[in-house]
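Asks: Handing you a structure now.
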Amino acid sequence: MEPVSLPRGLGRRCVFSAFEDVIDEYVQLERRVIERAYEGELSQWTLKVRNDSMRDTALESNASHKDESLRLVNFRLRQQQMEEYKDRVLLLVQDKLQISMDTETAGDGTRRRRRSSASQKEMPRRTVVGDVLGHAPVSIDLCLNMVLTNRDTIDRLAVFASAPQDMRLRDQAQDAIESVFCVLLRGIGNHVRPAYARVVAELKDLEHSVMATMQTDQSALAQLEQQTRSSFIRAELRFFELIHLCDLCVQILEIYFKSFMTAFIDEHDFLNTCNQERKALERAVDDSVAVGMDCVIEIIMRQTQHIVDTQMSADYSPDSNVSLTLTPTVACTRAVQFLGESTVILQSMTGHRQMRTVFLGEIGVRLFYVLLEHIKRFRITEPGGFQLIADLNLYYDWAAEHVDPETLRYFTALKDLANCFILAPRDLRGFLQDQYSRRTFDGVMRSEEVYDVVACRSDYRNIRTQVEGHCDFM
């Protein structure tokens with residue numbers, strides 16, 4: 001019997017037709033296999049994290065202050081290690097996912113994608129990129145292995161997605177490809193979200209610790225305060241490392257999507273389920289970062305408030321026989337030192353300039369209002385006014401180094417307003433009118449707040465009539 005020659009397109013249709021009755025079962029099998037593989041990977045990681053957490057707790061309870069100080073000194077080195085690690089991982093990802101896709105036209109006019117010969121060599125499923133951080137909150141190895149497993153599954157499904165356009169088999173394979181990619185996105189999300197939840201829970205516990213410290217007896221205050229501060233620095237460091245690693249996970253997914261998945265999914269189709277899942281994962285990461293940042297800011301400001309509240313009333317109302325040194329007070333120095341320790345980690349561990357600006361700007365504005373309320377607690381004499389200006393100069397120096405120019409206006413206005421405590425009563429009205437003419441307080445302080453600060457002068461009751469009623473804001 002002589003073999004019959006068939007057109008290429010008809011031959012392909014006949015081959016694909018043989019699989020139409022089993023494609024549903026095959027697709028379900030592929031999805032079950034990859035879901036179980038991801039569940040197994042995530043379960044192993046969860047167990048590892050639990051064991052590491054128990055071991056770290058035991059080690060931290062025995063760690064000395066000296067060891068902690070050494071670790072804090074080296075956090076800039078940790079940032080350098082993180083950047084090198086990210087570069088190495090991204091190079092490895094690009095190598096593993098070096099998928100050169102050629103377009104060819106089938107005999108029936110349909111267009112399909114195939115792998116170029118350069119990428120047909122077998123790639124290992126398991127890869128180790130290493131971990132220079134020690135007990136990292138998320139595993140880049142796990143994420144990359146999930147991506148490679150996903151790619152292998154979609155490679156098999158893509159064979160059926162190249163069937164002729166009018167065959168049901170092609171649509172089923174396309175739907176399966178999108179479904180399998182969504183499984184990957186949800187798997188990465190199930191890995192990242194618990195990591196943020198653990199860090200945020202740790203930060204919230206520290207918030208309560210700060211509140212407890214503020215109510216502690218003075219005899220045990222110094223030691224407890226140091227323990228709380230050390231715990232916060234560790235938690236803050238872990239949080240910003242987590243931001244780096246999760247950003248790396250998202251970059252890996254983006255490389256995979258653009259180099260491989262765009263052959264099957266239109267990235268501009270906002271109604272596509274895969275694109276919606278991608279956006280949902282990005283929103284979940286962004287929301288987790290925002291919650292963590294709020295906790296960090298809250299802890300910083302509560303601890304700063306606690307330190308500022310240790311200010312002695314005699315600092316701004318010294319006895320007449322006390323000579324002024326005009327150096328910042330102990331409370332001011334400690335507060336600025338704490339702010340420096342807390343914010344320098346952010347500056348070193350965050351590569352996003354916009355994030356740094358927003359974070360430091362929020363701290364700057366909240367610090368301004370802490371200081372504004374702090375000043376209102378005191379009756380300030382003329383010598384105390386000089387001491388207050390010395391303190392505000394130190395706060396201003398911190399702000400000039402860390403915050404943006406718009407936020408710096410708050411500290412400039414507060415420092416200028418502090419001159420009201422060292423002026424003679426007859427010059428006070430002209431000084432305030434001059435400040436208003438130069439719009440020093442515009443968008444910074446309300447008229448009532450300016451009045452409340454001026455009213456903190458120890459002699460204000462005696463000079464009240466010289467000021468009120470003669471200025472537009474009073």
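Here, A, B, ... name the chains of the structure tokens in the order displayed, residue numbers run from 1 inside each chain, and ligands are numbered from 1 in the same displayed order.
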Which polymer residues have any atom within 10 Å of an atom of Pro318 (chain A), counting only C-alpha atoms, with same-chain residues fewer than 3 positions away left out, as a list in words?

Replies: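 Counting only the stated atoms, we get Met312, Ser313, Ala314, Asp315, Asn321, Val322, Ser323, Leu324, Ile380, Thr381, Glu382, Pro383, Gly384 and Gln387 of chain A.
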
Asks: Work out how far apart CA of Gln94 (chain A) and CA of Met146 (chain A) are and give it in Å to one decimal.

Replies: 15.2 Å

Asks: For Glu83 (chain A), which of A:Ala424, A:His244, A:Asp294, A:Ala235 is the closest residue, counting only C-alpha atoms?

Replies: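 Among the listed residues, the smallest separation from Glu83 (chain A) belongs to A:His244.
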
Asks: For Ile34 (chain A), please output as a list of chain:residue names all residues within 8 Å (counting only C-alpha atoms; exclusion window: fewer than 2 positions along the same chain).

Replies: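 Listed by chain and then number, they are A:Glu30, A:Arg31, A:Arg32, A:Arg36, A:Ala37, A:Tyr38, A:Thr149, A:Asn150, A:Thr153, A:Val180.
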
Asks: Take the residues just selected and output them with N, CA and C atoms as a JSON list (two decimals), in the first residue's frame.

Replies:
[["chain", "number", "residue", "atom", "x", "y", "z"],
["A", 30, "GLU", "N", -2.02, 18.45, 34.74],
["A", 30, "GLU", "CA", -0.91, 19.41, 34.79],
["A", 30, "GLU", "C", -1.13, 20.41, 35.92],
["A", 31, "ARG", "N", -2.34, 20.88, 36.06],
["A", 31, "ARG", "CA", -2.61, 21.89, 37.10],
["A", 31, "ARG", "C", -2.47, 21.28, 38.48],
["A", 32, "ARG", "N", -2.99, 20.05, 38.68],
["A", 32, "ARG", "CA", -2.86, 19.41, 39.99],
["A", 32, "ARG", "C", -1.40, 19.18, 40.36],
["A", 36, "ARG", "N", 0.41, 20.97, 43.59],
["A", 36, "ARG", "CA", 0.99, 20.17, 44.67],
["A", 36, "ARG", "C", 2.48, 20.45, 44.82],
["A", 37, "ALA", "N", 3.16, 20.67, 43.70],
["A", 37, "ALA", "CA", 4.59, 21.00, 43.79],
["A", 37, "ALA", "C", 4.80, 22.30, 44.55],
["A", 38, "TYR", "N", 3.98, 23.31, 44.25],
["A", 38, "TYR", "CA", 4.09, 24.59, 44.95],
["A", 38, "TYR", "C", 3.73, 24.45, 46.43],
["A", 149, "THR", "N", 9.59, 25.75, 37.14],
["A", 149, "THR", "CA", 8.58, 24.69, 37.07],
["A", 149, "THR", "C", 7.39, 25.14, 36.24],
["A", 150, "ASN", "N", 6.99, 26.39, 36.42],
["A", 150, "ASN", "CA", 5.88, 26.94, 35.65],
["A", 150, "ASN", "C", 6.21, 26.99, 34.17],
["A", 153, "THR", "N", 5.93, 23.51, 32.60],
["A", 153, "THR", "CA", 4.53, 23.12, 32.42],
["A", 153, "THR", "C", 3.92, 23.82, 31.21],
["A", 180, "VAL", "N", -2.38, 28.20, 34.58],
["A", 180, "VAL", "CA", -1.13, 27.76, 35.21],
["A", 180, "VAL", "C", -0.28, 28.96, 35.60]]

Asks: Just want the 9 Å neighbourhood of region 182-188 of chain A, counted on only C-alpha atoms, with same-chain residues fewer than 2 positions away dropped. Output as a count of residues only.

Replies: 27

Asks: For a quick check of understanding, using only C-alpha atoms, which of A:Asp141, A:Glu202, A:Asp95, A:Asp319 has the smallest distance to Ser259 (chain A)?

Replies: A:Asp95

Asks: Using only C-alpha atoms, determine which residues lie at most 10 Å from region 444-454 of chain A, disregarding the query and same-chain residues fewer than 3 positions distant; provide the list as a short mmCIF file (atom, residue, chain, number, x, y, z; two decimals) with all heavy atoms, in the first residue's frame.

Replies:
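Writing done, so here's selection_18.cif:
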data_model
loop_
_atom_site.label_atom_id
_atom_site.label_comp_id
_atom_site.auth_asym_id
_atom_site.auth_seq_id
_atom_site.Cartn_x
_atom_site.Cartn_y
_atom_site.Cartn_z
N VAL A 365 7.78 65.84 59.36
CA VAL A 365 6.56 66.59 59.70
C VAL A 365 6.06 66.21 61.09
O VAL A 365 5.68 67.06 61.91
CB VAL A 365 5.48 66.35 58.64
CG1 VAL A 365 4.14 66.96 59.08
CG2 VAL A 365 5.89 66.98 57.31
N PHE A 368 8.17 67.68 63.76
CA PHE A 368 7.86 69.10 63.93
C PHE A 368 6.70 69.29 64.90
O PHE A 368 6.75 70.12 65.82
CB PHE A 368 7.53 69.73 62.57
CG PHE A 368 6.86 71.07 62.67
CD1 PHE A 368 7.60 72.21 62.91
CD2 PHE A 368 5.48 71.18 62.53
CE1 PHE A 368 6.98 73.45 63.02
CE2 PHE A 368 4.85 72.41 62.63
CZ PHE A 368 5.60 73.55 62.87
N TYR A 369 5.63 68.50 64.72
CA TYR A 369 4.47 68.66 65.60
C TYR A 369 4.76 68.15 67.01
O TYR A 369 4.19 68.68 67.98
CB TYR A 369 3.26 67.95 65.00
CG TYR A 369 2.66 68.72 63.85
CD1 TYR A 369 2.78 68.28 62.54
CD2 TYR A 369 2.00 69.93 64.07
CE1 TYR A 369 2.26 69.01 61.48
CE2 TYR A 369 1.48 70.67 63.02
CZ TYR A 369 1.61 70.20 61.73
OH TYR A 369 1.10 70.93 60.69
N LEU A 372 6.55 71.06 68.48
CA LEU A 372 5.62 72.18 68.69
C LEU A 372 4.83 71.98 69.98
O LEU A 372 4.71 72.91 70.80
CB LEU A 372 4.68 72.30 67.49
CG LEU A 372 3.79 73.54 67.43
CD1 LEU A 372 4.62 74.82 67.38
CD2 LEU A 372 2.86 73.46 66.22
N GLU A 373 4.31 70.77 70.17
CA GLU A 373 3.58 70.48 71.41
C GLU A 373 4.52 70.45 72.61
O GLU A 373 4.14 70.82 73.72
CB GLU A 373 2.84 69.14 71.28
CG GLU A 373 1.72 69.14 70.26
CD GLU A 373 0.68 70.20 70.57
OE1 GLU A 373 0.28 70.32 71.76
OE2 GLU A 373 0.27 70.92 69.64
N ILE A 375 7.21 72.32 73.12
CA ILE A 375 7.52 73.69 73.54
C ILE A 375 6.39 74.26 74.40
O ILE A 375 6.63 74.97 75.38
CB ILE A 375 7.77 74.57 72.30
CG1 ILE A 375 9.07 74.15 71.60
CG2 ILE A 375 7.83 76.05 72.69
CD1 ILE A 375 9.31 74.84 70.28
N LYS A 376 5.15 73.90 74.06
CA LYS A 376 4.00 74.46 74.77
C LYS A 376 3.92 73.98 76.22
O LYS A 376 3.16 74.55 77.02
CB LYS A 376 2.71 74.10 74.04
CG LYS A 376 2.60 74.71 72.65
CD LYS A 376 1.33 74.23 71.96
CE LYS A 376 1.26 74.69 70.51
NZ LYS A 376 0.04 74.18 69.82
N ARG A 377 4.69 72.98 76.59
CA ARG A 377 4.66 72.46 77.96
C ARG A 377 5.45 73.32 78.94
O ARG A 377 5.34 73.15 80.15
CB ARG A 377 5.23 71.03 77.99
CG ARG A 377 4.42 70.00 77.23
CD ARG A 377 5.18 68.68 77.15
NE ARG A 377 5.72 68.29 78.45
CZ ARG A 377 6.93 67.79 78.64
NH1 ARG A 377 7.76 67.65 77.62
NH2 ARG A 377 7.35 67.47 79.86
N PHE A 378 6.25 74.24 78.44
CA PHE A 378 7.21 74.95 79.29
C PHE A 378 6.88 76.44 79.38
O PHE A 378 6.29 77.02 78.47
CB PHE A 378 8.64 74.79 78.75
CG PHE A 378 9.11 73.35 78.74
CD1 PHE A 378 8.97 72.56 77.61
CD2 PHE A 378 9.70 72.79 79.86
CE1 PHE A 378 9.39 71.26 77.59
CE2 PHE A 378 10.14 71.48 79.85
CZ PHE A 378 9.98 70.70 78.71
N ARG A 379 7.32 77.03 80.49
CA ARG A 379 7.36 78.48 80.63
C ARG A 379 8.81 78.88 80.40
O ARG A 379 9.70 78.52 81.18
CB ARG A 379 6.92 78.93 82.02
CG ARG A 379 5.63 78.32 82.53
CD ARG A 379 4.51 78.34 81.50
NE ARG A 379 4.16 79.70 81.12
CZ ARG A 379 3.30 79.98 80.15
NH1 ARG A 379 2.74 79.00 79.45
NH2 ARG A 379 3.01 81.24 79.86
N ILE A 380 9.09 79.59 79.34
CA ILE A 380 10.46 79.78 78.86
C ILE A 380 10.93 81.19 79.17
O ILE A 380 10.33 82.19 78.75
CB ILE A 380 10.53 79.50 77.35
CG1 ILE A 380 10.04 78.07 77.08
CG2 ILE A 380 11.94 79.68 76.82
CD1 ILE A 380 9.91 77.72 75.62
N GLU A 406 10.86 71.12 51.14
CA GLU A 406 9.52 71.53 51.56
C GLU A 406 9.30 71.21 53.04
O GLU A 406 8.74 72.02 53.78
CB GLU A 406 8.47 70.80 50.71
CG GLU A 406 7.03 71.20 51.01
CD GLU A 406 6.76 72.67 50.74
OE1 GLU A 406 7.44 73.27 49.89
OE2 GLU A 406 5.85 73.22 51.40
N THR A 407 9.75 70.04 53.47
CA THR A 407 9.61 69.68 54.89
C THR A 407 10.55 70.51 55.75
O THR A 407 10.22 70.84 56.90
CB THR A 407 9.91 68.18 55.08
OG1 THR A 407 9.08 67.41 54.20
CG2 THR A 407 9.65 67.75 56.52
N ARG A 409 11.10 73.53 55.59
CA ARG A 409 10.46 74.81 55.91
C ARG A 409 9.84 74.78 57.31
O ARG A 409 9.82 75.81 58.00
CB ARG A 409 9.37 75.13 54.89
CG ARG A 409 9.87 75.55 53.52
CD ARG A 409 8.71 75.95 52.62
NE ARG A 409 7.96 77.06 53.19
CZ ARG A 409 6.67 76.99 53.53
NH1 ARG A 409 6.00 75.87 53.38
NH2 ARG A 409 6.05 78.05 54.02
N TYR A 410 9.33 73.64 57.75
CA TYR A 410 8.72 73.54 59.07
C TYR A 410 9.76 73.87 60.15
O TYR A 410 9.46 74.61 61.10
CB TYR A 410 8.17 72.12 59.30
CG TYR A 410 6.93 71.80 58.51
CD1 TYR A 410 6.97 71.46 57.17
CD2 TYR A 410 5.67 71.84 59.13
CE1 TYR A 410 5.83 71.16 56.45
CE2 TYR A 410 4.52 71.54 58.42
CZ TYR A 410 4.60 71.20 57.08
OH TYR A 410 3.46 70.92 56.38
N PHE A 411 10.94 73.29 60.00
CA PHE A 411 11.97 73.49 61.02
C PHE A 411 12.56 74.91 60.95
O PHE A 411 12.93 75.48 61.97
CB PHE A 411 13.08 72.45 60.85
CG PHE A 411 12.61 71.05 61.13
CD1 PHE A 411 12.04 70.28 60.14
CD2 PHE A 411 12.71 70.52 62.41
CE1 PHE A 411 11.59 69.00 60.41
CE2 PHE A 411 12.28 69.24 62.69
CZ PHE A 411 11.70 68.48 61.69
N THR A 412 12.61 75.46 59.75
CA THR A 412 13.07 76.84 59.60
C THR A 412 12.11 77.80 60.31
O THR A 412 12.54 78.71 61.04
CB THR A 412 13.18 77.21 58.12
OG1 THR A 412 14.07 76.31 57.46
CG2 THR A 412 13.70 78.63 57.95
N ALA A 413 10.81 77.58 60.11
CA ALA A 413 9.82 78.44 60.74
C ALA A 413 9.86 78.33 62.26
O ALA A 413 9.78 79.33 62.98
CB ALA A 413 8.42 78.08 60.22
N LEU A 414 10.01 77.09 62.76
CA LEU A 414 10.04 76.90 64.21
C LEU A 414 11.29 77.54 64.82
O LEU A 414 11.22 78.16 65.90
CB LEU A 414 9.98 75.41 64.53
CG LEU A 414 9.76 75.03 66.00
CD1 LEU A 414 8.46 75.62 66.51
CD2 LEU A 414 9.78 73.52 66.17
N LEU A 417 10.77 81.29 64.84
CA LEU A 417 9.79 81.70 65.84
C LEU A 417 10.38 81.67 67.25
O LEU A 417 10.00 82.46 68.12
CB LEU A 417 8.55 80.80 65.77
CG LEU A 417 7.42 81.11 66.75
CD1 LEU A 417 6.93 82.55 66.59
CD2 LEU A 417 6.27 80.13 66.57
N ALA A 418 11.34 80.78 67.49
CA ALA A 418 11.95 80.65 68.83
C ALA A 418 12.66 81.93 69.24
O ALA A 418 12.90 82.15 70.44
CB ALA A 418 12.93 79.48 68.85
N ASN A 419 12.96 82.80 68.30
CA ASN A 419 13.60 84.08 68.65
C ASN A 419 12.69 84.97 69.48
O ASN A 419 13.16 85.94 70.11
CB ASN A 419 14.03 84.83 67.38
CG ASN A 419 15.23 84.18 66.72
OD1 ASN A 419 16.29 84.02 67.32
ND2 ASN A 419 15.08 83.77 65.47
N CYS A 420 11.38 84.66 69.49
CA CYS A 420 10.44 85.47 70.27
C CYS A 420 10.74 85.40 71.77
O CYS A 420 10.32 86.27 72.53
CB CYS A 420 9.00 85.05 69.99
SG CYS A 420 8.53 83.46 70.73
N PHE A 421 11.49 84.38 72.20
CA PHE A 421 11.78 84.22 73.63
C PHE A 421 12.98 85.05 74.10
O PHE A 421 13.19 85.20 75.30
CB PHE A 421 12.02 82.74 73.95
CG PHE A 421 10.83 81.86 73.70
CD1 PHE A 421 10.81 80.97 72.64
CD2 PHE A 421 9.72 81.94 74.52
CE1 PHE A 421 9.72 80.17 72.40
CE2 PHE A 421 8.60 81.14 74.29
CZ PHE A 421 8.60 80.25 73.22
N LEU A 428 8.73 92.60 70.23
CA LEU A 428 8.05 91.36 69.89
C LEU A 428 7.01 91.55 68.79
O LEU A 428 6.93 90.76 67.85
CB LEU A 428 7.39 90.78 71.15
CG LEU A 428 6.74 89.40 71.00
CD1 LEU A 428 7.75 88.38 70.50
CD2 LEU A 428 6.16 88.95 72.35
N LEU A 432 7.01 89.72 65.02
CA LEU A 432 5.95 88.85 64.50
C LEU A 432 5.39 89.39 63.19
O LEU A 432 5.12 88.63 62.24
CB LEU A 432 4.85 88.69 65.54
CG LEU A 432 5.26 87.94 66.82
CD1 LEU A 432 4.16 88.02 67.86
CD2 LEU A 432 5.57 86.48 66.49
N TYR A 436 5.38 87.48 59.50
CA TYR A 436 4.19 87.29 58.68
C TYR A 436 4.35 87.95 57.32
O TYR A 436 3.86 87.44 56.30
CB TYR A 436 2.94 87.83 59.39
CG TYR A 436 2.24 86.76 60.19
CD1 TYR A 436 2.59 86.53 61.52
CD2 TYR A 436 1.28 85.94 59.62
CE1 TYR A 436 1.97 85.54 62.26
CE2 TYR A 436 0.66 84.95 60.33
CZ TYR A 436 1.01 84.75 61.65
OH TYR A 436 0.40 83.75 62.37
N ARG A 439 6.02 85.72 55.12
CA ARG A 439 5.26 84.47 54.95
C ARG A 439 6.01 83.26 55.52
O ARG A 439 6.00 82.18 54.95
CB ARG A 439 4.92 84.24 53.48
CG ARG A 439 4.07 85.34 52.87
CD ARG A 439 3.67 85.04 51.45
NE ARG A 439 2.79 86.04 50.92
CZ ARG A 439 1.47 86.06 51.08
NH1 ARG A 439 0.91 85.12 51.80
NH2 ARG A 439 0.73 87.02 50.57
N THR A 440 6.66 83.47 56.64
CA THR A 440 7.42 82.39 57.26
C THR A 440 6.52 81.23 57.66
O THR A 440 6.91 80.06 57.56
CB THR A 440 8.16 82.92 58.50
OG1 THR A 440 9.01 84.00 58.12
CG2 THR A 440 8.99 81.83 59.16
N PHE A 441 5.31 81.52 58.12
CA PHE A 441 4.45 80.48 58.69
C PHE A 441 3.42 79.95 57.70
O PHE A 441 2.61 79.09 58.06
CB PHE A 441 3.72 81.02 59.92
CG PHE A 441 4.65 81.65 60.93
CD1 PHE A 441 4.46 82.97 61.34
CD2 PHE A 441 5.73 80.95 61.43
CE1 PHE A 441 5.32 83.54 62.27
CE2 PHE A 441 6.59 81.52 62.35
CZ PHE A 441 6.39 82.83 62.77
N ARG A 457 6.20 82.42 76.75
CA ARG A 457 7.15 83.30 77.44
C ARG A 457 6.77 83.38 78.92
O ARG A 457 5.59 83.53 79.26
CB ARG A 457 7.13 84.69 76.83
CG ARG A 457 7.85 84.81 75.51
CD ARG A 457 7.81 86.23 74.99
NE ARG A 457 8.41 87.19 75.91
CZ ARG A 457 9.40 88.02 75.60
NH1 ARG A 457 9.93 87.98 74.38
NH2 ARG A 457 9.88 88.87 76.49
N SER A 458 7.75 83.29 79.77
CA SER A 458 7.48 83.32 81.21
C SER A 458 6.88 84.65 81.65
O SER A 458 6.16 84.71 82.66
CB SER A 458 8.76 83.04 81.99
OG SER A 458 9.75 84.01 81.68
N TYR A 460 4.77 86.47 79.78
CA TYR A 460 3.72 86.84 78.82
C TYR A 460 2.53 87.52 79.50
O TYR A 460 1.90 88.40 78.91
CB TYR A 460 3.24 85.60 78.05
CG TYR A 460 2.32 85.97 76.92
CD1 TYR A 460 2.80 86.59 75.78
CD2 TYR A 460 0.95 85.75 77.03
CE1 TYR A 460 1.95 86.96 74.75
CE2 TYR A 460 0.09 86.12 76.01
CZ TYR A 460 0.59 86.72 74.87
OH TYR A 460 -0.25 87.10 73.86
N ARG A 464 1.20 90.92 77.82
CA ARG A 464 0.11 90.46 76.94
C ARG A 464 -0.55 91.61 76.21
O ARG A 464 -0.83 91.52 75.02
CB ARG A 464 -0.90 89.70 77.79
CG ARG A 464 -2.04 89.08 77.02
CD ARG A 464 -2.86 88.21 77.95
NE ARG A 464 -3.91 87.53 77.22
CZ ARG A 464 -4.71 86.60 77.77
NH1 ARG A 464 -4.52 86.26 79.04
NH2 ARG A 464 -5.65 86.04 77.06
N VAL A 467 1.00 92.96 72.99
CA VAL A 467 1.04 92.09 71.81
C VAL A 467 -0.37 91.89 71.25
O VAL A 467 -0.63 92.13 70.06
CB VAL A 467 1.69 90.73 72.13
CG1 VAL A 467 1.70 89.85 70.90
CG2 VAL A 467 3.09 90.94 72.66
N GLU A 468 -1.28 91.44 72.08
CA GLU A 468 -2.62 91.11 71.59
C GLU A 468 -3.33 92.37 71.14
O GLU A 468 -3.26 93.42 71.76
CB GLU A 468 -3.42 90.41 72.68
CG GLU A 468 -2.87 89.05 73.05
CD GLU A 468 -3.74 88.31 74.03
OE1 GLU A 468 -4.89 88.73 74.22
OE2 GLU A 468 -3.28 87.30 74.61
N ASP A 472 -2.21 91.06 63.41
CA ASP A 472 -3.36 90.58 62.65
C ASP A 472 -3.83 89.22 63.13
O ASP A 472 -5.02 88.90 63.04
CB ASP A 472 -2.98 90.48 61.16
CG ASP A 472 -2.71 91.85 60.57
OD1 ASP A 472 -3.21 92.83 61.15
OD2 ASP A 472 -2.00 91.92 59.54
N PHE A 473 -2.91 88.38 63.65
CA PHE A 473 -3.33 87.03 64.00
C PHE A 473 -3.82 86.92 65.42
O PHE A 473 -4.24 85.86 65.85
CB PHE A 473 -2.15 86.06 63.81
CG PHE A 473 -1.00 86.30 64.75
CD1 PHE A 473 -0.92 85.62 65.95
CD2 PHE A 473 -0.01 87.21 64.43
CE1 PHE A 473 0.12 85.82 66.81
CE2 PHE A 473 1.03 87.41 65.31
CZ PHE A 473 1.11 86.74 66.50
N MET A 474 -3.79 87.98 66.19
CA MET A 474 -4.20 87.90 67.59
C MET A 474 -5.44 88.73 67.85
O MET A 474 -5.65 89.76 67.25
CB MET A 474 -3.06 88.36 68.50
CG MET A 474 -1.88 87.42 68.49
SD MET A 474 -0.65 87.88 69.71
CE MET A 474 0.53 86.57 69.50
#

Asks: Using only C-alpha atoms, pick whichever of A:Glu401, A:Leu97, A:Gln165, A:Leu144 has the shortest atom-to-atom distance to Met261 (chain A).

Replies: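 Ranking A:Glu401, A:Leu97, A:Gln165, A:Leu144 by distance to Met261 (chain A), first place goes to A:Leu97.
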
Asks: Could you tell me how far CA of Cys246 (chain A) lies from CA of Glu362 (chain A), in Å and to one decimal?

Replies: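 Distance between the two atoms: 23.3 Å.
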